[in-house]
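Reading through the structure tokens given below for one structure.
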Amino acid sequence: MNETGIPKTYAAEDWEDALYRKWEESGFFNPDICIKAKVTAADAAPYSIVLPPPNVTGSLHSGHAAMLAIQDILIRYHRMRGDRTLWLPGTDHAAIATQSRVEKNLIEQEGKNRYDLGREAFLQRVEAFAQQSHDSIIHQTKKMGASLDWSREAYTLDEKRSLAVRTAFKTMFDDGIIYRGYRVVNWSVAGQSTCSDDELVHIEREAILYTFRYSKEFPIPIATTRPETKLGDTAVAVHPDDTRYQQYIGQTFTADVGAEKPLEIKIIGDPAVDPKFGTGAVGVTPAHSQTDFEMYERHPDIALVQVIGQDGKMTAAAGTGYAGLTTLDAREQFVAWLRTNDLIEKEEDVVQNVGTSDRFNDVTEALPMRQWFIAVSKEFERDGKTVTLKSLMQDAVRDKKIAILPERFEKTYFHWIDNLRDWCISRQIWYGHQIPVWYKKQPATDNGQRTTEEIYCGVEPPKDREDWEQDPDTLDTWFSSGLWTFSTLGWPEQTEDLKTYHPTSVLETGYDILFFWVARMILMSEYLLGEIPFKTVYLHGLVRDEQGRKMSKSLGNILDPLDVINDHGADALRLALVIGSTPGNDLKLSDEKIIASRNFVNKLWNMSRYIALAVPTAPTAAPEAKTLSDRWILSRLSELTDAVTSLLDHNHLSLASEALRDFTWNEFADWYIEVHKIEKNDAVLVFVFNTLLRLWHPFMPFATEAIFQTFNPGRNDLLMVAKWPEHMKTRDEEANAQFTALQGLIAALRNLRAVYRIDMKVPLQYSPSSDSALFRENAPLIERLARATVTTAQTVSAQARIINPLFDASVPLESIIDIEKERARLLAEKASAEKYKAGIEGRLNDERFTSKAPAHILEQNRTALRETEKKIAELASYIENLAA
RNA sequence: GGAUGAUUAGCUCAGUUGGUUAGAGCGUCACAUUGACAUUGUGAAGGUCACUGGUUCGAAUCCAGUAUCAUCCACCA
């Protein structure tokens with residue numbers, strides 16, 4: 001503390017919580033209140049972002065922190081611009097992720113699984129966990145300074161969002177876009193649920209590739225890494241044009257494989273088979289391979305035999321001796337049998353890719369099941385055109401209705417859509433939106449299976465409820481997430497919010513969920529609303545540690561946002577996450593970076609401290625440029641304002657923050673504040689600083705607001721809703737050029753001291769040439785900043801001038817330590833200049849260059865040539881004098 | 001196997017539609033600084049822009065190929 005009463009360092013912890021409370025209480029996070037309070041015009045252009053809802057599986061990590069920082073910057077900027085700005089918060093129930101997390105805890109702590117508790121009791125546990133997790137997420141979000149409109153908070157599983165989900169489902173069901181189909185899906189044995197193709201994580205694994213024949217008589221050898229599935233083979237496919245096997249197409253062979261009943265294998269021709277690969281023949285297992293299932297659909301005459309069950313064990317259909325075995329045991333047994341019967345032709349070690357379930361961490365089985373799907377390739381009419389969900393997703397981006405940042409992800413997006421299959425949306429888990437489909441109860445048939453079913457699909461349950469049974473499955477969590485941009489705004493009701501804020505302005509999220517989420521939102525919005533969900537997709541990268549590794553618990557390199565905030569403040573974290581990060585590229589976050597940001601926040605704080613000290617009462621006069629320095633700083637401020645505004649308009653947050661930092665530190669603090677100590681133009685100083693506070697506010701809301709409050713004690717207005725600086729007409733190229741020259745001179749004079757080790761108490765003598773009015777007029781600055789005495793040219797001795805290569809200055813001759821050293825330096829400089837000159841001359845004498853280069857390039861070269869020649873002449877004369 | 005991206009100073013990265021001695025921050029070194037600043041200021045050193053060709057008057061930038069790394073996708077039995 002000192003006489004200003006302002007601490008020497010910015011203590012974030014003393015400010016942040018109180019400031020956030022103050023913002024929240026002001027109500028200005030809510031655009032409606034902004035309009036009521038006339039902070040925003042009623043007819044202002046809307047600007048909206050819907051927060052990607054964090055999963056209620058735990059707490060926020062640094063990726064979330066980056067997301068919050070980026071979005072809050074955009075939101076605060078637009079709010080200050082006067083836009084009708086809405087940032088809508090929410091959380092995601094994250095079905096599988098949350099359920100498996102809770103079940104894992106349950107098993108660890110109580111040794112029970114979900115079936116031991118039963119659906120209802122288990123769901124209560126999940127909800128309690130979700131609530132707790134939700135609360136901690138909200139707490140962390142507020143700690144980041146996120147200016148979200150909490151009055152509109154949503155949850156993917158709350159009443160309104162559930163209604164949206166059921167409405168969406170029913171609409172798509174009625175249109176035939178959602179259908180129930182029997183096909184091969186990815187089944188997680190550990191999780192006892194399906195997972196979608198996108199949720200599979202492929203990992204490499206070593207395996208043995210067996211090449212074998214079903215029997216001695218069987219004409220074609222086939223290869224497999226999973227022999228046990230071969231018990232379910234019903235066909236062998238070859239390419240129809242393959243002359244080796246053509247003759248067998250259409251024949252059926254029986255093969256005794258040591259199971260109860262022999263396999264019936266039909267040879268089929270299918271162009272999907274690559275005759276050059278392996279043996280050129282594929283054993284077709286329709287029940288346990290997606291491709292084989294597709295072949296099965298193309299060839300109705302072959303059978304489907306399911307030999308692996310949902311429990312991951314062999315079914316009765318595999319035959320006695322196999323039924324009940326695990327797949328691994330069955331494999332061993334079958335291979336042993338093949339060996340004894342001498343049917344194996346080759347065994348090779350190969351590396352294969354297997355799909356594992358992301359959530360349950362086990363290798364998935366391909367099983368045929370009856371599940372719910374969304375038909376992405378089904379044609380339907382829309383505005384008189386035949387379209388599919390795929391084409392709707394493609395067109396939104398192809399027609400530039402949606403821009404993806406960075407652009408390269410558009411290619412990835414299209415590539416993904418091209419390979420997209422129907423989306424399996426039903427999950428056999430409990431936590432989530434239960435499918436709004438009911439089946440009419442029927443007397444059980446002999447085998448306990450339904451034969452024909454009466455199906456009801458509705459937003460509400462059927463009236464005679466007791467006669468119906470709801471489908472026990474729940475929906476893929478991405479189904480409800482896909483509705484997020486409009487379910488949060490009140491859809492299916494046609495609310496004012498929906499009309500005002502949809503499509504939203506920007507969707508900001510990590511590139512890792514481009515497919516999971518971004519594409520699905522486009523699908524849902526296009527289908528259900530007939531419009532895009534957002535205009536711009538801003539993809540941020542992954543936050544990694546300083547060595548570029550992913551942050552993970554096992555590596556112990558996690559930076560907890562809350563810890564960082566406690567140690568260094570939210571603003572420091574926000575800056576560290578934004579500076580130097582570009583869309584789509586991963587961001588390395590290190591202590592060093594956070595500390596550098598923290599230092600900058602502190603620097604800004606101390607600038608305010610200087611101002612409070614030097615200008616105790618705020619000037620009332622309008623800023624008026626009295627000197628060159630004033631003209632310069634106002635000119636630069638004007639350029640900065642335009643640059644930052646334009647950069648933020650184009651979502652270039654990093655560049656905007658860098659421009660701000662460079663100006664604030666290198667120009668305002670290092671130069672203008674020093675100038676102010678001499679020239680004392682309070683009005684300009686305060687004006688520039690106030691403008692800077694507003695420009696900085698989106699990036700570091702807490703510190704700027706804290707400074708603002710300190711400056712304006714007793715006032716109730718908030719920097720948060722101050723007006724964004726407008727374009728200023730103070731740009732002045734001449735002042736920029738002159739001040740740069742002045743800076744160069746001062747720097748050079750200071751350098752002279754260092755080079756010649758001149759005692760600070762001995763004044764450097766600087767005598768401007770008779771024509772440099774600029775330097776004479778700014779003599780006080782030069783004297784103070786360079787500790788030089790400005791004298792007239794006459795007083796400078798001839799000897800002294802010798803050693804100054806760049807300008808007329810005088811230093812005491814005895815200070816020169818090594819004249820030879822200086823000569824060598826000058827010679828080197830001259831040589832380099834000569835080389836440069838030769839390069840330019842070469843170009844200018846080359847007719848190809850002069851005839852083709854544009855005029856301004858030629859002019860640039862001529863000017864450079866003139867200046868270099870002048871410099872060489874000067875250097876030559878100094879060297880000559882130095883020798884004498 | 002396919003796709004996308006990256007490769008620039010010791011480290012982390014900028015480098016806009018090709019335009020002429022390649023930039024910043026951190027780090028290093030030198031000097032100064034304790035009167036807004038857990039400092040800060042001024043300056044210096046440091047780069048054959050991964051490699052090889054090509055296009056061009058001119059290439060870090062465009063094209064082709066090579067290498068290394070990363071990520072995503074994929075039903076190769």
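We label chains A, B, ... in the order they appear in the structure tokens, count residues from 1 in each chain, and number ligands from 1 in the order shown.
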Q.
So that I can see what lies close to B:G54, please list as number ranges by chain the residues with an atom at most 12 Å from it, counting only C-alpha atoms (C1' of nucleotides) and leaving out residues fewer than 5 positions away in the same chain.
A. B: 59, 62-65
Legend entry - Members of stretch 39-195 of chain A assigned strand (DSSP E or B) by DSSP, as a VMD selection string: chain A and resid 46 to 50 55 84 to 88 90 to 92 154 to 155 178 to 188 193 to 195
If you keep N, CA and C atoms, can you produce a file of those selected residues as a PDB file, in the first residue's frame?
ATOM      1  N   PRO A  46     -29.523  -9.324 -32.923  1.00  0.00           N
ATOM      2  CA  PRO A  46     -29.245 -10.380 -31.948  1.00  0.00           C
ATOM      3  C   PRO A  46     -27.884 -11.026 -32.168  1.00  0.00           C
ATOM      4  N   TYR A  47     -27.307 -11.444 -31.083  1.00  0.00           N
ATOM      5  CA  TYR A  47     -26.076 -12.232 -31.144  1.00  0.00           C
ATOM      6  C   TYR A  47     -26.211 -13.318 -30.093  1.00  0.00           C
ATOM      7  N   SER A  48     -26.145 -14.568 -30.499  1.00  0.00           N
ATOM      8  CA  SER A  48     -26.407 -15.623 -29.529  1.00  0.00           C
ATOM      9  C   SER A  48     -25.435 -16.788 -29.654  1.00  0.00           C
ATOM     10  N   ILE A  49     -25.100 -17.310 -28.514  1.00  0.00           N
ATOM     11  CA  ILE A  49     -24.303 -18.529 -28.445  1.00  0.00           C
ATOM     12  C   ILE A  49     -24.981 -19.426 -27.421  1.00  0.00           C
ATOM     13  N   VAL A  50     -25.140 -20.693 -27.773  1.00  0.00           N
ATOM     14  CA  VAL A  50     -25.634 -21.640 -26.788  1.00  0.00           C
ATOM     15  C   VAL A  50     -24.424 -22.427 -26.307  1.00  0.00           C
ATOM     16  N   ASN A  55     -20.762 -32.321 -19.706  1.00  0.00           N
ATOM     17  CA  ASN A  55     -21.340 -33.538 -19.155  1.00  0.00           C
ATOM     18  C   ASN A  55     -21.360 -33.457 -17.634  1.00  0.00           C
ATOM     19  N   ARG A  84     -27.958  -7.400 -29.080  1.00  0.00           N
ATOM     20  CA  ARG A  84     -28.864  -8.092 -28.175  1.00  0.00           C
ATOM     21  C   ARG A  84     -28.265  -9.479 -27.928  1.00  0.00           C
ATOM     22  N   THR A  85     -27.500  -9.565 -26.866  1.00  0.00           N
ATOM     23  CA  THR A  85     -26.571 -10.666 -26.712  1.00  0.00           C
ATOM     24  C   THR A  85     -27.036 -11.698 -25.700  1.00  0.00           C
ATOM     25  N   LEU A  86     -27.155 -12.934 -26.165  1.00  0.00           N
ATOM     26  CA  LEU A  86     -27.589 -14.012 -25.281  1.00  0.00           C
ATOM     27  C   LEU A  86     -26.564 -15.137 -25.284  1.00  0.00           C
ATOM     28  N   TRP A  87     -26.171 -15.519 -24.086  1.00  0.00           N
ATOM     29  CA  TRP A  87     -25.319 -16.705 -23.943  1.00  0.00           C
ATOM     30  C   TRP A  87     -26.047 -17.632 -22.994  1.00  0.00           C
ATOM     31  N   LEU A  88     -26.454 -18.773 -23.526  1.00  0.00           N
ATOM     32  CA  LEU A  88     -27.372 -19.630 -22.798  1.00  0.00           C
ATOM     33  C   LEU A  88     -26.673 -20.854 -22.212  1.00  0.00           C
ATOM     34  N   GLY A  90     -26.123 -24.499 -19.915  1.00  0.00           N
ATOM     35  CA  GLY A  90     -26.803 -25.765 -19.715  1.00  0.00           C
ATOM     36  C   GLY A  90     -25.817 -26.887 -19.452  1.00  0.00           C
ATOM     37  N   THR A  91     -26.351 -28.025 -19.095  1.00  0.00           N
ATOM     38  CA  THR A  91     -25.514 -29.199 -18.883  1.00  0.00           C
ATOM     39  C   THR A  91     -26.143 -30.392 -19.595  1.00  0.00           C
ATOM     40  N   ASP A  92     -25.326 -31.417 -19.780  1.00  0.00           N
ATOM     41  CA  ASP A  92     -25.729 -32.589 -20.555  1.00  0.00           C
ATOM     42  C   ASP A  92     -25.739 -33.812 -19.658  1.00  0.00           C
ATOM     43  N   ALA A 154     -30.561 -24.606 -18.964  1.00  0.00           N
ATOM     44  CA  ALA A 154     -31.260 -25.806 -19.430  1.00  0.00           C
ATOM     45  C   ALA A 154     -30.464 -27.063 -19.089  1.00  0.00           C
ATOM     46  N   TYR A 155     -31.138 -28.179 -19.123  1.00  0.00           N
ATOM     47  CA  TYR A 155     -30.506 -29.480 -18.888  1.00  0.00           C
ATOM     48  C   TYR A 155     -31.084 -30.433 -19.928  1.00  0.00           C
ATOM     49  N   ILE A 178     -37.236 -42.176 -38.624  1.00  0.00           N
ATOM     50  CA  ILE A 178     -36.810 -43.083 -37.562  1.00  0.00           C
ATOM     51  C   ILE A 178     -37.534 -44.406 -37.797  1.00  0.00           C
ATOM     52  N   TYR A 179     -36.791 -45.492 -37.785  1.00  0.00           N
ATOM     53  CA  TYR A 179     -37.406 -46.790 -38.003  1.00  0.00           C
ATOM     54  C   TYR A 179     -36.775 -47.814 -37.083  1.00  0.00           C
ATOM     55  N   ARG A 180     -37.460 -48.921 -36.926  1.00  0.00           N
ATOM     56  CA  ARG A 180     -36.943 -50.000 -36.122  1.00  0.00           C
ATOM     57  C   ARG A 180     -36.437 -51.049 -37.080  1.00  0.00           C
ATOM     58  N   GLY A 181     -35.207 -51.422 -36.926  1.00  0.00           N
ATOM     59  CA  GLY A 181     -34.645 -52.358 -37.886  1.00  0.00           C
ATOM     60  C   GLY A 181     -33.832 -53.436 -37.215  1.00  0.00           C
ATOM     61  N   TYR A 182     -33.714 -54.536 -37.924  1.00  0.00           N
ATOM     62  CA  TYR A 182     -32.929 -55.661 -37.424  1.00  0.00           C
ATOM     63  C   TYR A 182     -31.629 -55.691 -38.201  1.00  0.00           C
ATOM     64  N   ARG A 183     -30.551 -55.453 -37.536  1.00  0.00           N
ATOM     65  CA  ARG A 183     -29.281 -55.476 -38.246  1.00  0.00           C
ATOM     66  C   ARG A 183     -28.134 -55.612 -37.259  1.00  0.00           C
ATOM     67  N   VAL A 184     -26.941 -55.734 -37.814  1.00  0.00           N
ATOM     68  CA  VAL A 184     -25.786 -55.935 -36.948  1.00  0.00           C
ATOM     69  C   VAL A 184     -25.361 -54.605 -36.342  1.00  0.00           C
ATOM     70  N   VAL A 185     -25.258 -54.574 -35.027  1.00  0.00           N
ATOM     71  CA  VAL A 185     -24.846 -53.362 -34.322  1.00  0.00           C
ATOM     72  C   VAL A 185     -23.626 -53.685 -33.461  1.00  0.00           C
ATOM     73  N   ASN A 186     -23.016 -52.616 -32.954  1.00  0.00           N
ATOM     74  CA  ASN A 186     -21.869 -52.807 -32.053  1.00  0.00           C
ATOM     75  C   ASN A 186     -22.407 -53.013 -30.649  1.00  0.00           C
ATOM     76  N   TRP A 187     -22.025 -54.121 -30.052  1.00  0.00           N
ATOM     77  CA  TRP A 187     -22.564 -54.457 -28.736  1.00  0.00           C
ATOM     78  C   TRP A 187     -21.428 -54.523 -27.725  1.00  0.00           C
ATOM     79  N   SER A 188     -21.573 -53.750 -26.662  1.00  0.00           N
ATOM     80  CA  SER A 188     -20.582 -53.822 -25.595  1.00  0.00           C
ATOM     81  C   SER A 188     -21.069 -54.826 -24.561  1.00  0.00           C
ATOM     82  N   SER A 193     -24.913 -52.859 -23.792  1.00  0.00           N
ATOM     83  CA  SER A 193     -25.624 -51.863 -24.583  1.00  0.00           C
ATOM     84  C   SER A 193     -24.981 -51.735 -25.952  1.00  0.00           C
ATOM     85  N   THR A 194     -25.755 -51.200 -26.877  1.00  0.00           N
ATOM     86  CA  THR A 194     -25.185 -50.888 -28.179  1.00  0.00           C
ATOM     87  C   THR A 194     -24.346 -49.631 -28.067  1.00  0.00           C
ATOM     88  N   CYS A 195     -23.486 -49.428 -29.027  1.00  0.00           N
ATOM     89  CA  CYS A 195     -22.912 -48.099 -29.186  1.00  0.00           C
ATOM     90  C   CYS A 195     -22.825 -47.781 -30.668  1.00  0.00           C
TER      91      CYS A 195
END
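The shortest atom-to-atom distance to B:U20, with only C-alpha atoms (C1' of nucleotides) taken into account, belongs to A:Gly839 out of A:Gly63, A:Pro616, A:Gly384, A:Gly839.
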* Once you count only C-alpha atoms (C1' of nucleotides), which residues of chain A turn out to be within 7 Å of chain B? Could you give them as number ranges by chain? -> A: 223-224, 282-283, 290-291, 603, 606-607, 609-610, 747, 750-751, 754, 836, 848-849, 852-853, 857
Create the file for the chosen residues now, containing C-alpha atoms and written as a tab-separated table (two decimals), in the first residue's frame.
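selection-v5.tsv written:
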chain	number	residue	atom	x	y	z
A	223	ALA	CA	-8.94	-66.73	-43.74
A	224	THR	CA	-10.04	-65.33	-40.43
A	282	VAL	CA	-14.54	-64.45	-47.77
A	283	GLY	CA	-16.30	-66.60	-45.23
A	290	GLN	CA	-21.57	-55.55	-40.63
A	291	THR	CA	-20.24	-56.16	-44.12
A	603	LYS	CA	1.23	-4.67	-15.27
A	606	ASN	CA	0.13	-0.94	-11.97
A	607	MET	CA	-0.51	1.33	-14.91
A	609	ARG	CA	-1.79	2.73	-10.03
A	610	TYR	CA	0.55	5.15	-11.74
A	747	ALA	CA	17.25	4.04	-28.18
A	750	ARG	CA	20.92	4.85	-24.66
A	751	ASN	CA	22.83	2.23	-26.53
A	754	ALA	CA	26.04	0.86	-22.92
A	836	TYR	CA	22.41	-5.71	-49.95
A	848	ARG	CA	12.96	-9.40	-66.73
A	849	PHE	CA	12.46	-7.88	-63.32
A	852	LYS	CA	7.34	-7.55	-64.95
A	853	ALA	CA	7.44	-6.27	-61.41
A	857	ILE	CA	7.90	-2.87	-55.99
Mind checking which residues fall within 6 Å of stretch 311-319 of chain A, counting only C-alpha atoms (C1' of nucleotides), ignoring those fewer than 5 positions away in the same chain, and posting them as an NGL selection string?
:A and (189 or 231 or 259-260 or 324-327)
So that I can see what lies close to B:U7, please list as a list in words the residues with an atom at most 10 Å from it, counting only C-alpha atoms (C1' of nucleotides) and leaving out residues fewer than 6 positions away in the same chain.
C49, A50, U68 and C69 of chain B
